[in-house]
Structure formats: C-alpha cells, structure tokens
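File shown: start02.cif (mmCIF, N, CA and C atoms).
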```cif
data_entry
#
loop_
_atom_site.label_atom_id
_atom_site.label_comp_id
_atom_site.auth_asym_id
_atom_site.auth_seq_id
_atom_site.Cartn_x
_atom_site.Cartn_y
_atom_site.Cartn_z
N MET V 1 79.96 111.43 118.29
CA MET V 1 79.52 110.95 116.98
C MET V 1 79.61 109.44 116.97
N PRO V 2 78.53 108.76 116.71
CA PRO V 2 78.54 107.30 116.68
C PRO V 2 79.46 106.77 115.58
N LEU V 3 79.99 105.59 115.81
CA LEU V 3 80.89 104.95 114.86
C LEU V 3 80.23 104.84 113.49
N ALA V 4 78.97 104.48 113.45
CA ALA V 4 78.27 104.34 112.17
C ALA V 4 78.27 105.65 111.40
N SER V 5 78.11 106.78 112.10
CA SER V 5 78.13 108.08 111.44
C SER V 5 79.50 108.39 110.88
N ALA V 6 80.53 108.06 111.65
CA ALA V 6 81.90 108.30 111.18
C ALA V 6 82.17 107.50 109.92
N LEU V 7 81.76 106.25 109.92
CA LEU V 7 81.99 105.41 108.75
C LEU V 7 81.14 105.87 107.57
N ALA V 8 79.93 106.28 107.84
CA ALA V 8 79.06 106.75 106.77
C ALA V 8 79.63 107.99 106.11
N ALA V 9 80.36 108.79 106.87
CA ALA V 9 80.93 110.02 106.33
C ALA V 9 81.92 109.74 105.22
N ILE V 10 82.49 108.57 105.20
CA ILE V 10 83.45 108.24 104.15
C ILE V 10 82.74 108.01 102.82
N LEU V 11 81.54 107.50 102.91
CA LEU V 11 80.82 107.06 101.72
C LEU V 11 81.70 106.09 100.95
N LEU V 12 82.27 105.15 101.68
CA LEU V 12 83.20 104.20 101.12
C LEU V 12 82.45 103.12 100.36
N ILE V 13 82.59 103.14 99.06
CA ILE V 13 81.92 102.16 98.21
C ILE V 13 82.98 101.48 97.39
N GLN V 14 83.03 100.16 97.47
CA GLN V 14 84.00 99.44 96.69
C GLN V 14 83.37 98.99 95.39
N THR V 15 83.97 99.39 94.30
CA THR V 15 83.60 98.91 92.98
C THR V 15 84.92 98.67 92.26
N ALA V 16 85.18 97.45 91.93
CA ALA V 16 86.49 97.05 91.40
C ALA V 16 87.54 97.51 92.39
N PRO V 17 88.69 98.04 91.94
CA PRO V 17 89.70 98.47 92.91
C PRO V 17 89.56 99.93 93.30
N THR V 18 88.42 100.56 93.03
CA THR V 18 88.25 101.99 93.26
C THR V 18 87.57 102.25 94.60
N ILE V 19 88.05 103.28 95.28
CA ILE V 19 87.46 103.72 96.53
C ILE V 19 86.75 105.04 96.24
N LYS V 20 85.50 105.14 96.61
CA LYS V 20 84.75 106.37 96.40
C LYS V 20 84.70 107.13 97.72
N LEU V 21 85.19 108.37 97.69
CA LEU V 21 85.21 109.22 98.87
C LEU V 21 84.18 110.34 98.73
N ASP V 22 83.86 110.93 99.86
CA ASP V 22 83.11 112.16 99.86
C ASP V 22 83.89 113.17 99.00
N PRO V 23 83.23 114.03 98.22
CA PRO V 23 83.96 114.96 97.34
C PRO V 23 85.00 115.83 98.04
N ILE V 24 84.76 116.25 99.26
CA ILE V 24 85.73 117.11 99.95
C ILE V 24 87.02 116.33 100.26
N LEU V 25 86.88 115.03 100.53
CA LEU V 25 88.06 114.21 100.78
C LEU V 25 88.77 113.86 99.47
N THR V 26 88.00 113.68 98.41
CA THR V 26 88.61 113.47 97.10
C THR V 26 89.45 114.69 96.73
N GLU V 27 88.90 115.87 97.00
CA GLU V 27 89.65 117.10 96.72
C GLU V 27 90.94 117.15 97.54
N LEU V 28 90.89 116.75 98.79
CA LEU V 28 92.10 116.76 99.62
C LEU V 28 93.18 115.84 99.02
N VAL V 29 92.79 114.67 98.57
CA VAL V 29 93.75 113.76 97.93
C VAL V 29 94.31 114.41 96.67
N GLU V 30 93.44 114.98 95.86
CA GLU V 30 93.87 115.58 94.59
C GLU V 30 94.83 116.74 94.80
N ILE V 31 94.53 117.63 95.73
CA ILE V 31 95.41 118.79 95.91
C ILE V 31 96.70 118.40 96.63
N THR V 32 96.64 117.37 97.46
CA THR V 32 97.87 116.86 98.07
C THR V 32 98.77 116.29 96.98
N ASN V 33 98.21 115.51 96.08
CA ASN V 33 99.00 114.95 94.99
C ASN V 33 99.49 116.04 94.03
N ALA V 34 98.69 117.06 93.79
CA ALA V 34 99.13 118.18 92.94
C ALA V 34 100.35 118.86 93.56
N TYR V 35 100.30 119.06 94.87
CA TYR V 35 101.45 119.67 95.56
C TYR V 35 102.68 118.78 95.43
N ARG V 36 102.50 117.48 95.60
CA ARG V 36 103.63 116.56 95.45
C ARG V 36 104.19 116.61 94.03
N LEU V 37 103.31 116.64 93.04
CA LEU V 37 103.77 116.70 91.64
C LEU V 37 104.53 117.99 91.36
N GLU V 38 104.06 119.11 91.93
CA GLU V 38 104.77 120.39 91.79
C GLU V 38 106.18 120.30 92.35
N ASN V 39 106.37 119.42 93.31
CA ASN V 39 107.67 119.24 93.96
C ASN V 39 108.40 118.01 93.41
N LYS V 40 107.98 117.57 92.22
CA LYS V 40 108.62 116.46 91.49
C LYS V 40 108.62 115.15 92.28
N LEU V 41 107.52 114.92 92.99
CA LEU V 41 107.34 113.70 93.77
C LEU V 41 106.19 112.89 93.18
N ALA V 42 106.26 111.59 93.35
CA ALA V 42 105.21 110.71 92.84
C ALA V 42 103.90 110.97 93.59
N PRO V 43 102.77 110.84 92.90
CA PRO V 43 101.49 110.97 93.60
C PRO V 43 101.28 109.80 94.54
N LEU V 44 100.45 110.03 95.54
CA LEU V 44 100.10 109.00 96.50
C LEU V 44 98.89 108.23 96.01
N LYS V 45 98.87 106.94 96.29
CA LYS V 45 97.76 106.07 95.88
C LYS V 45 96.78 105.95 97.06
N LEU V 46 95.51 106.16 96.77
CA LEU V 46 94.49 106.03 97.79
C LEU V 46 94.44 104.58 98.27
N ASN V 47 94.49 104.40 99.58
CA ASN V 47 94.50 103.07 100.17
C ASN V 47 93.30 102.93 101.11
N GLU V 48 92.46 101.95 100.83
CA GLU V 48 91.24 101.75 101.60
C GLU V 48 91.51 101.58 103.10
N LYS V 49 92.53 100.81 103.44
CA LYS V 49 92.83 100.56 104.85
C LYS V 49 93.23 101.84 105.57
N LEU V 50 94.02 102.68 104.89
CA LEU V 50 94.40 103.96 105.50
C LEU V 50 93.22 104.92 105.56
N VAL V 51 92.33 104.86 104.57
CA VAL V 51 91.12 105.70 104.60
C VAL V 51 90.28 105.35 105.82
N ILE V 52 90.09 104.07 106.05
CA ILE V 52 89.28 103.65 107.21
C ILE V 52 89.94 104.09 108.51
N ALA V 53 91.25 103.87 108.63
CA ALA V 53 91.97 104.28 109.85
C ALA V 53 91.87 105.79 110.06
N ALA V 54 92.03 106.56 108.99
CA ALA V 54 91.96 108.02 109.08
C ALA V 54 90.56 108.48 109.44
N GLN V 55 89.54 107.89 108.79
CA GLN V 55 88.17 108.30 109.07
C GLN V 55 87.76 107.97 110.50
N LEU V 56 88.14 106.80 110.96
CA LEU V 56 87.82 106.44 112.35
C LEU V 56 88.49 107.39 113.32
N HIS V 57 89.72 107.80 113.01
CA HIS V 57 90.41 108.72 113.91
C HIS V 57 89.75 110.10 113.89
N SER V 58 89.36 110.57 112.71
CA SER V 58 88.64 111.85 112.66
C SER V 58 87.34 111.77 113.44
N GLY V 59 86.63 110.66 113.30
CA GLY V 59 85.39 110.48 114.05
C GLY V 59 85.61 110.47 115.55
N ASP V 60 86.69 109.83 115.97
CA ASP V 60 87.03 109.79 117.40
C ASP V 60 87.35 111.19 117.92
N GLN V 61 88.12 111.95 117.17
CA GLN V 61 88.45 113.31 117.59
C GLN V 61 87.19 114.18 117.68
N ALA V 62 86.32 114.05 116.68
CA ALA V 62 85.09 114.85 116.68
C ALA V 62 84.19 114.47 117.85
N ALA V 63 84.12 113.18 118.16
CA ALA V 63 83.29 112.73 119.27
C ALA V 63 83.76 113.32 120.59
N ARG V 64 85.07 113.49 120.71
CA ARG V 64 85.65 114.05 121.94
C ARG V 64 85.87 115.55 121.85
N ASN V 65 85.66 116.10 120.63
CA ASN V 65 85.96 117.51 120.37
C ASN V 65 87.36 117.84 120.85
N LEU V 66 88.32 117.00 120.42
CA LEU V 66 89.70 117.11 120.88
C LEU V 66 90.64 116.76 119.74
N LEU V 67 91.50 117.70 119.38
CA LEU V 67 92.53 117.45 118.38
C LEU V 67 93.67 116.69 119.02
N SER V 68 93.97 115.50 118.50
CA SER V 68 95.01 114.67 119.11
C SER V 68 95.46 113.59 118.14
N HIS V 69 96.72 113.19 118.27
CA HIS V 69 97.21 112.03 117.51
C HIS V 69 96.90 110.74 118.28
N THR V 70 96.43 110.87 119.50
CA THR V 70 96.11 109.71 120.33
C THR V 70 94.60 109.51 120.40
N GLY V 71 94.16 108.30 120.10
CA GLY V 71 92.74 108.00 120.15
C GLY V 71 92.23 107.87 121.58
N ALA V 72 90.92 107.88 121.75
CA ALA V 72 90.31 107.73 123.08
C ALA V 72 90.73 106.43 123.74
N ASP V 73 91.03 105.43 122.92
CA ASP V 73 91.46 104.12 123.44
C ASP V 73 92.97 104.05 123.64
N GLY V 74 93.67 105.16 123.49
CA GLY V 74 95.12 105.20 123.65
C GLY V 74 95.88 104.84 122.38
N SER V 75 95.17 104.58 121.29
CA SER V 75 95.82 104.16 120.05
C SER V 75 96.60 105.31 119.40
N ASN V 76 97.64 104.91 118.67
CA ASN V 76 98.38 105.85 117.84
C ASN V 76 98.18 105.45 116.38
N MET V 77 98.81 106.16 115.46
CA MET V 77 98.60 105.85 114.04
C MET V 77 99.04 104.44 113.69
N GLN V 78 100.11 103.96 114.31
CA GLN V 78 100.58 102.60 114.03
C GLN V 78 99.53 101.57 114.43
N LYS V 79 98.97 101.72 115.60
CA LYS V 79 97.94 100.79 116.07
C LYS V 79 96.70 100.83 115.18
N ARG V 80 96.32 102.06 114.77
CA ARG V 80 95.14 102.18 113.91
C ARG V 80 95.37 101.54 112.54
N ALA V 81 96.58 101.69 112.00
CA ALA V 81 96.92 101.04 110.72
C ALA V 81 96.97 99.53 110.89
N ASP V 82 97.54 99.07 112.00
CA ASP V 82 97.60 97.63 112.27
C ASP V 82 96.19 97.03 112.37
N LEU V 83 95.28 97.73 113.01
CA LEU V 83 93.91 97.23 113.15
C LEU V 83 93.23 97.05 111.80
N GLN V 84 93.64 97.84 110.81
CA GLN V 84 93.08 97.72 109.46
C GLN V 84 93.91 96.76 108.60
N LYS V 85 94.92 96.14 109.22
CA LYS V 85 95.79 95.18 108.52
C LYS V 85 96.57 95.81 107.37
N TYR V 86 96.98 97.07 107.57
CA TYR V 86 97.87 97.74 106.62
C TYR V 86 99.29 97.34 106.99
N ASN V 87 99.98 96.70 106.08
CA ASN V 87 101.33 96.18 106.32
C ASN V 87 102.35 97.29 106.07
N TRP V 88 102.55 98.14 107.07
CA TRP V 88 103.34 99.34 106.90
C TRP V 88 104.82 99.15 107.23
N ARG V 89 105.61 99.93 106.51
CA ARG V 89 107.03 100.08 106.80
C ARG V 89 107.27 101.46 107.39
N ARG V 90 106.51 102.46 106.88
CA ARG V 90 106.59 103.84 107.35
C ARG V 90 105.19 104.42 107.41
N LEU V 91 104.95 105.25 108.40
CA LEU V 91 103.67 105.93 108.55
C LEU V 91 103.91 107.36 109.02
N ALA V 92 103.01 108.24 108.65
CA ALA V 92 103.00 109.60 109.18
C ALA V 92 101.56 110.09 109.17
N GLU V 93 101.27 110.99 110.09
CA GLU V 93 99.89 111.47 110.23
C GLU V 93 99.89 112.97 110.48
N ASN V 94 99.02 113.66 109.77
CA ASN V 94 98.72 115.06 110.06
C ASN V 94 97.26 115.12 110.49
N VAL V 95 96.98 115.90 111.51
CA VAL V 95 95.60 116.14 111.93
C VAL V 95 95.39 117.65 112.01
N ALA V 96 94.15 118.05 111.82
CA ALA V 96 93.80 119.47 111.90
C ALA V 96 92.39 119.61 112.45
N GLN V 97 92.17 120.70 113.15
CA GLN V 97 90.84 121.04 113.66
C GLN V 97 90.49 122.43 113.15
N GLY V 98 89.33 122.55 112.53
CA GLY V 98 88.85 123.86 112.15
C GLY V 98 88.70 124.17 110.69
N PRO V 99 89.68 123.80 109.83
CA PRO V 99 89.52 124.18 108.43
C PRO V 99 88.18 123.72 107.86
N LYS V 100 87.57 124.59 107.08
CA LYS V 100 86.25 124.28 106.49
C LYS V 100 86.38 123.58 105.14
N THR V 101 87.51 123.80 104.45
CA THR V 101 87.68 123.23 103.12
C THR V 101 88.96 122.40 103.06
N ALA V 102 89.05 121.59 102.02
CA ALA V 102 90.27 120.80 101.81
C ALA V 102 91.46 121.72 101.58
N LYS V 103 91.26 122.80 100.83
CA LYS V 103 92.35 123.74 100.56
C LYS V 103 92.85 124.37 101.85
N GLU V 104 91.94 124.72 102.74
CA GLU V 104 92.34 125.31 104.02
C GLU V 104 93.11 124.30 104.88
N ALA V 105 92.67 123.04 104.84
CA ALA V 105 93.37 122.00 105.62
C ALA V 105 94.79 121.82 105.10
N LEU V 106 94.94 121.69 103.78
CA LEU V 106 96.27 121.52 103.21
C LEU V 106 97.13 122.74 103.49
N LYS V 107 96.56 123.92 103.33
CA LYS V 107 97.31 125.16 103.59
C LYS V 107 97.81 125.20 105.03
N SER V 108 96.98 124.76 105.96
CA SER V 108 97.41 124.78 107.38
C SER V 108 98.60 123.84 107.59
N TRP V 109 98.59 122.69 106.94
CA TRP V 109 99.71 121.76 107.09
C TRP V 109 100.96 122.27 106.39
N LEU V 110 100.78 122.89 105.22
CA LEU V 110 101.94 123.39 104.48
C LEU V 110 102.59 124.59 105.16
N SER V 111 101.85 125.27 106.04
CA SER V 111 102.42 126.42 106.75
C SER V 111 103.28 126.00 107.94
N SER V 112 103.33 124.71 108.21
CA SER V 112 104.14 124.18 109.30
C SER V 112 105.21 123.26 108.71
N ALA V 113 106.47 123.53 109.01
CA ALA V 113 107.57 122.74 108.45
C ALA V 113 107.42 121.26 108.78
N VAL V 114 107.01 120.94 109.99
CA VAL V 114 106.87 119.54 110.41
C VAL V 114 105.78 118.84 109.59
N HIS V 115 104.66 119.51 109.42
CA HIS V 115 103.54 118.91 108.67
C HIS V 115 103.82 118.87 107.16
N GLN V 116 104.50 119.90 106.66
CA GLN V 116 104.85 119.94 105.25
C GLN V 116 105.81 118.80 104.91
N LYS V 117 106.71 118.50 105.83
CA LYS V 117 107.67 117.41 105.63
C LYS V 117 106.96 116.07 105.46
N VAL V 118 105.86 115.88 106.17
CA VAL V 118 105.06 114.66 106.02
C VAL V 118 104.52 114.57 104.60
N ILE V 119 103.99 115.66 104.09
CA ILE V 119 103.34 115.67 102.78
C ILE V 119 104.33 115.37 101.66
N VAL V 120 105.57 115.78 101.83
CA VAL V 120 106.58 115.53 100.78
C VAL V 120 107.47 114.34 101.13
N GLY V 121 107.08 113.58 102.13
CA GLY V 121 107.89 112.44 102.57
C GLY V 121 107.84 111.26 101.61
N ASN V 122 108.64 110.27 101.92
CA ASN V 122 108.78 109.07 101.10
C ASN V 122 107.66 108.07 101.41
N TYR V 123 106.46 108.41 100.92
CA TYR V 123 105.29 107.57 101.15
C TYR V 123 104.67 107.23 99.80
N GLY V 124 103.92 106.15 99.76
CA GLY V 124 103.27 105.74 98.53
C GLY V 124 101.76 105.71 98.61
N ASP V 125 101.21 105.66 99.84
CA ASP V 125 99.77 105.50 100.03
C ASP V 125 99.23 106.65 100.88
N ILE V 126 97.93 106.92 100.68
CA ILE V 126 97.26 107.99 101.42
C ILE V 126 95.90 107.51 101.89
N GLY V 127 95.53 107.96 103.07
CA GLY V 127 94.19 107.80 103.61
C GLY V 127 93.78 109.13 104.20
N VAL V 128 92.52 109.49 104.06
CA VAL V 128 92.03 110.77 104.55
C VAL V 128 90.73 110.57 105.30
N GLY V 129 90.50 111.42 106.28
CA GLY V 129 89.27 111.35 107.04
C GLY V 129 88.81 112.74 107.45
N LEU V 130 87.51 112.88 107.63
CA LEU V 130 86.91 114.14 108.06
C LEU V 130 85.65 113.84 108.84
N ALA V 131 85.53 114.48 109.99
CA ALA V 131 84.32 114.34 110.80
C ALA V 131 84.02 115.69 111.44
N THR V 132 82.75 115.93 111.70
CA THR V 132 82.31 117.19 112.29
C THR V 132 81.78 116.95 113.69
N ALA V 133 82.27 117.74 114.63
CA ALA V 133 81.82 117.65 116.03
C ALA V 133 80.46 118.33 116.18
N GLY V 134 79.85 118.11 117.32
CA GLY V 134 78.54 118.69 117.60
C GLY V 134 78.52 120.20 117.51
N ASP V 135 79.64 120.86 117.80
CA ASP V 135 79.70 122.32 117.74
C ASP V 135 80.07 122.83 116.34
N GLY V 136 80.19 121.90 115.37
CA GLY V 136 80.51 122.29 114.00
C GLY V 136 81.98 122.26 113.65
N SER V 137 82.84 122.02 114.64
CA SER V 137 84.28 121.94 114.35
C SER V 137 84.57 120.74 113.47
N ARG V 138 85.43 120.95 112.49
CA ARG V 138 85.82 119.86 111.59
C ARG V 138 87.17 119.29 112.01
N TYR V 139 87.25 117.97 111.98
CA TYR V 139 88.48 117.27 112.33
C TYR V 139 88.97 116.48 111.11
N TRP V 140 90.15 116.81 110.66
CA TRP V 140 90.76 116.23 109.47
C TRP V 140 91.89 115.30 109.88
N THR V 141 92.03 114.19 109.18
CA THR V 141 93.17 113.30 109.36
C THR V 141 93.72 112.95 107.98
N LEU V 142 95.03 113.10 107.86
CA LEU V 142 95.78 112.71 106.66
C LEU V 142 96.77 111.65 107.12
N LEU V 143 96.63 110.45 106.61
CA LEU V 143 97.48 109.33 107.02
C LEU V 143 98.23 108.83 105.80
N LEU V 144 99.55 108.91 105.86
CA LEU V 144 100.40 108.47 104.75
C LEU V 144 101.20 107.26 105.16
N GLY V 145 101.41 106.36 104.21
CA GLY V 145 102.15 105.15 104.53
C GLY V 145 102.95 104.62 103.35
N ARG V 146 103.90 103.79 103.67
CA ARG V 146 104.64 103.00 102.69
C ARG V 146 104.60 101.57 103.20
N GLN V 147 104.18 100.66 102.35
CA GLN V 147 104.04 99.27 102.74
C GLN V 147 105.36 98.51 102.66
N ASN V 148 105.42 97.40 103.41
CA ASN V 148 106.59 96.52 103.34
C ASN V 148 106.65 95.85 101.99
#
```

Could I get this structure in the form of structure tokens?
Amino acid sequence: MPLASALAAILLIQTAPTIKLDPILTELVEITNAYRLENKLAPLKLNEKLVIAAQLHSGDQAARNLLSHTGADGSNMQKRADLQKYNWRRLAENVAQGPKTAKEALKSWLSSAVHQKVIVGNYGDIGVGLATAGDGSRYWTLLLGRQN
C-alpha cells in the first residue's frame, strides 16, 4: 500500500484544533473512551501526531501483510512518535490483524490482559490507525501516550 494511500485513509483534516477521522476510527476512539469511563478513568484526547504515527504503522503492516510492533524500517513506537515530534513521557501500542469493526478490534484487545492493561493505563492521548492489505486483512494500531 503506497504511503499516500495510508495517509489518505486517515482523512485527516485540520479545522481549528479538531482532527477528523474516518468514521470507523472515530468509533474506535469513542468506544475506547467509553470503556475507560466505565472503569472510572479519564477519556483520552485525540492527538494528531499519534494519529499519524499509528496510521503510518497500520499502512506499513498492511503493505507487508505482517502484524508487528516493528516497522519495515526497524522502527518501534518510540521512534514513530519521535518522527512526528510527539514529546512523550510514556507510550504504549496495541496492534491487531483481522477485526472488521472497531468493536471487534477493541474486544480482541480487552480479551488479553496485556492489551487491556494498555487501554486502562496512565495515558492522556490517543492515536489510531487502520489499513487494509491486498488480501483484505485489516491492520489496526492503537497508540497511547502521555506527554512530558
């Protein structure tokens, strides 16, 4: 998947301080925050830099048809956040391959103690990404951070 296609998938439009996402990614942010609220945790704030890092990583995974926390260039989540100039103190990343809907993606993460711990962790910002491989497989990235 070409880089332009991965970026276009975000439908990232800046108007004032608002980030516009594809509806399926908006839903993922909303249901993630609903889960956090159910657990008496503050909602996460959508962060443009994390959205770009997450979307690029989903695009990279889809291009390789490979679920991984490591990019084709050897990058990890810290490097990807640094490249977007996100001034992080803490970062965590969940990735998934296969879920067709935002609800299915969140459910897959919540069914794993390690991934669920990320969702309820001490983070303030969220970035999300989704890309589809040539065979139709969907690659999801959830990137959470807390800034310095």

Identify, on the basis of only C-alpha atoms, every residue whose closest approach to Gly98 of chain V does not exceed 9 Å; exclude the query and any residue fewer than 5 positions from it along the same chain; express the result as a PDB file with N, CA and C atoms, keeping the file's coordinate frame.
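Contents of the output file part29.pdb:
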```
ATOM      1  N   GLU V 104      91.940 124.720 102.740  1.00  0.00           N
ATOM      2  CA  GLU V 104      92.340 125.310 104.020  1.00  0.00           C
ATOM      3  C   GLU V 104      93.110 124.300 104.880  1.00  0.00           C
ATOM      4  N   ALA V 105      92.670 123.040 104.840  1.00  0.00           N
ATOM      5  CA  ALA V 105      93.370 122.000 105.620  1.00  0.00           C
ATOM      6  C   ALA V 105      94.790 121.820 105.100  1.00  0.00           C
ATOM      7  N   GLY V 136      80.190 121.900 115.370  1.00  0.00           N
ATOM      8  CA  GLY V 136      80.510 122.290 114.000  1.00  0.00           C
ATOM      9  C   GLY V 136      81.980 122.260 113.650  1.00  0.00           C
ATOM     10  N   SER V 137      82.840 122.020 114.640  1.00  0.00           N
ATOM     11  CA  SER V 137      84.280 121.940 114.350  1.00  0.00           C
ATOM     12  C   SER V 137      84.570 120.740 113.470  1.00  0.00           C
ATOM     13  N   ARG V 138      85.430 120.950 112.490  1.00  0.00           N
ATOM     14  CA  ARG V 138      85.820 119.860 111.590  1.00  0.00           C
ATOM     15  C   ARG V 138      87.170 119.290 112.010  1.00  0.00           C
ATOM     16  N   TYR V 139      87.250 117.970 111.980  1.00  0.00           N
ATOM     17  CA  TYR V 139      88.480 117.270 112.330  1.00  0.00           C
ATOM     18  C   TYR V 139      88.970 116.480 111.110  1.00  0.00           C
ATOM     19  N   TRP V 140      90.150 116.810 110.660  1.00  0.00           N
ATOM     20  CA  TRP V 140      90.760 116.230 109.470  1.00  0.00           C
ATOM     21  C   TRP V 140      91.890 115.300 109.880  1.00  0.00           C
TER      22      TRP V 140
END
```

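Picture a line from atom CA of Leu144 of chain V to atom CA of Ser112 of chain V; it runs 16.8 Å.
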
* What do you get, as JSON, numbers by chain, if you spell out every residue that the PyMOL selection byres ((chain V and resi 126-135) around 7) selects here? -> {"V": [1, 6, 9, 25, 44, 45, 46, 47, 48, 49, 50, 51, 52, 53, 54, 55, 56, 57, 58, 59, 61, 62, 63, 65, 123, 124, 125, 136, 137, 138, 139, 140, 141, 142, 143, 144, 145]}

* To do: Could you tell me which residues the PyMOL selection byres ((chain V and resi 90) around 6.5) grabs in this file, written as a ChimeraX atom specification?
  => /V:88-89,91-92,144-148

* Asked: Hey, can you check how far atom CA of Ser75 of chain V sits from atom CA of Ala96 of chain V?
  -> 17.5 Å

* **d(atom C of His69 of chain V, atom CA of Gly121 of chain V) in Å** =>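 Pair atom C of His69 of chain V / atom CA of Gly121 of chain V returns 19.2 Å.
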
* To do: Tell me, as a ChimeraX atom specification, which residues lie within 8 Å of segment 32-38 of chain V, counting only N, CA and C atoms; anything in the same chain fewer than 3 positions away does not count.
  => /V:26-29,41-44,102,106,119-120

* Name the residues of segment 10-133 of chain V that come out as helix (DSSP H, G or I) in a backbone DSSP run; write them as a PyMOL selection string. => chain V and resi 10+23-38+48-64+77-83+102-110+113-119

* Pick out each residue of chain V that DSSP on the backbone tags as strand (DSSP E or B); I need them as a ChimeraX atom specification. => /V:13-15,18-20,45-46,88-97,125-132,138-147

Let's have the selection written as a short mmCIF file (atom, residue, chain, number, x, y, z; two decimals), in the coordinates of the input, with N, CA and C atoms.
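Printed below is again37.cif as written:
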```cif
data_model
loop_
_atom_site.label_atom_id
_atom_site.label_comp_id
_atom_site.auth_asym_id
_atom_site.auth_seq_id
_atom_site.Cartn_x
_atom_site.Cartn_y
_atom_site.Cartn_z
N ILE V 13 82.59 103.14 99.06
CA ILE V 13 81.92 102.16 98.21
C ILE V 13 82.98 101.48 97.39
N GLN V 14 83.03 100.16 97.47
CA GLN V 14 84.00 99.44 96.69
C GLN V 14 83.37 98.99 95.39
N THR V 15 83.97 99.39 94.30
CA THR V 15 83.60 98.91 92.98
C THR V 15 84.92 98.67 92.26
N THR V 18 88.42 100.56 93.03
CA THR V 18 88.25 101.99 93.26
C THR V 18 87.57 102.25 94.60
N ILE V 19 88.05 103.28 95.28
CA ILE V 19 87.46 103.72 96.53
C ILE V 19 86.75 105.04 96.24
N LYS V 20 85.50 105.14 96.61
CA LYS V 20 84.75 106.37 96.40
C LYS V 20 84.70 107.13 97.72
N LYS V 45 98.87 106.94 96.29
CA LYS V 45 97.76 106.07 95.88
C LYS V 45 96.78 105.95 97.06
N LEU V 46 95.51 106.16 96.77
CA LEU V 46 94.49 106.03 97.79
C LEU V 46 94.44 104.58 98.27
N TRP V 88 102.55 98.14 107.07
CA TRP V 88 103.34 99.34 106.90
C TRP V 88 104.82 99.15 107.23
N ARG V 89 105.61 99.93 106.51
CA ARG V 89 107.03 100.08 106.80
C ARG V 89 107.27 101.46 107.39
N ARG V 90 106.51 102.46 106.88
CA ARG V 90 106.59 103.84 107.35
C ARG V 90 105.19 104.42 107.41
N LEU V 91 104.95 105.25 108.40
CA LEU V 91 103.67 105.93 108.55
C LEU V 91 103.91 107.36 109.02
N ALA V 92 103.01 108.24 108.65
CA ALA V 92 103.00 109.60 109.18
C ALA V 92 101.56 110.09 109.17
N GLU V 93 101.27 110.99 110.09
CA GLU V 93 99.89 111.47 110.23
C GLU V 93 99.89 112.97 110.48
N ASN V 94 99.02 113.66 109.77
CA ASN V 94 98.72 115.06 110.06
C ASN V 94 97.26 115.12 110.49
N VAL V 95 96.98 115.90 111.51
CA VAL V 95 95.60 116.14 111.93
C VAL V 95 95.39 117.65 112.01
N ALA V 96 94.15 118.05 111.82
CA ALA V 96 93.80 119.47 111.90
C ALA V 96 92.39 119.61 112.45
N GLN V 97 92.17 120.70 113.15
CA GLN V 97 90.84 121.04 113.66
C GLN V 97 90.49 122.43 113.15
N ASP V 125 101.21 105.66 99.84
CA ASP V 125 99.77 105.50 100.03
C ASP V 125 99.23 106.65 100.88
N ILE V 126 97.93 106.92 100.68
CA ILE V 126 97.26 107.99 101.42
C ILE V 126 95.90 107.51 101.89
N GLY V 127 95.53 107.96 103.07
CA GLY V 127 94.19 107.80 103.61
C GLY V 127 93.78 109.13 104.20
N VAL V 128 92.52 109.49 104.06
CA VAL V 128 92.03 110.77 104.55
C VAL V 128 90.73 110.57 105.30
N GLY V 129 90.50 111.42 106.28
CA GLY V 129 89.27 111.35 107.04
C GLY V 129 88.81 112.74 107.45
N LEU V 130 87.51 112.88 107.63
CA LEU V 130 86.91 114.14 108.06
C LEU V 130 85.65 113.84 108.84
N ALA V 131 85.53 114.48 109.99
CA ALA V 131 84.32 114.34 110.80
C ALA V 131 84.02 115.69 111.44
N THR V 132 82.75 115.93 111.70
CA THR V 132 82.31 117.19 112.29
C THR V 132 81.78 116.95 113.69
N ARG V 138 85.43 120.95 112.49
CA ARG V 138 85.82 119.86 111.59
C ARG V 138 87.17 119.29 112.01
N TYR V 139 87.25 117.97 111.98
CA TYR V 139 88.48 117.27 112.33
C TYR V 139 88.97 116.48 111.11
N TRP V 140 90.15 116.81 110.66
CA TRP V 140 90.76 116.23 109.47
C TRP V 140 91.89 115.30 109.88
N THR V 141 92.03 114.19 109.18
CA THR V 141 93.17 113.30 109.36
C THR V 141 93.72 112.95 107.98
N LEU V 142 95.03 113.10 107.86
CA LEU V 142 95.78 112.71 106.66
C LEU V 142 96.77 111.65 107.12
N LEU V 143 96.63 110.45 106.61
CA LEU V 143 97.48 109.33 107.02
C LEU V 143 98.23 108.83 105.80
N LEU V 144 99.55 108.91 105.86
CA LEU V 144 100.40 108.47 104.75
C LEU V 144 101.20 107.26 105.16
N GLY V 145 101.41 106.36 104.21
CA GLY V 145 102.15 105.15 104.53
C GLY V 145 102.95 104.62 103.35
N ARG V 146 103.90 103.79 103.67
CA ARG V 146 104.64 103.00 102.69
C ARG V 146 104.60 101.57 103.20
N GLN V 147 104.18 100.66 102.35
CA GLN V 147 104.04 99.27 102.74
C GLN V 147 105.36 98.51 102.66
#
```
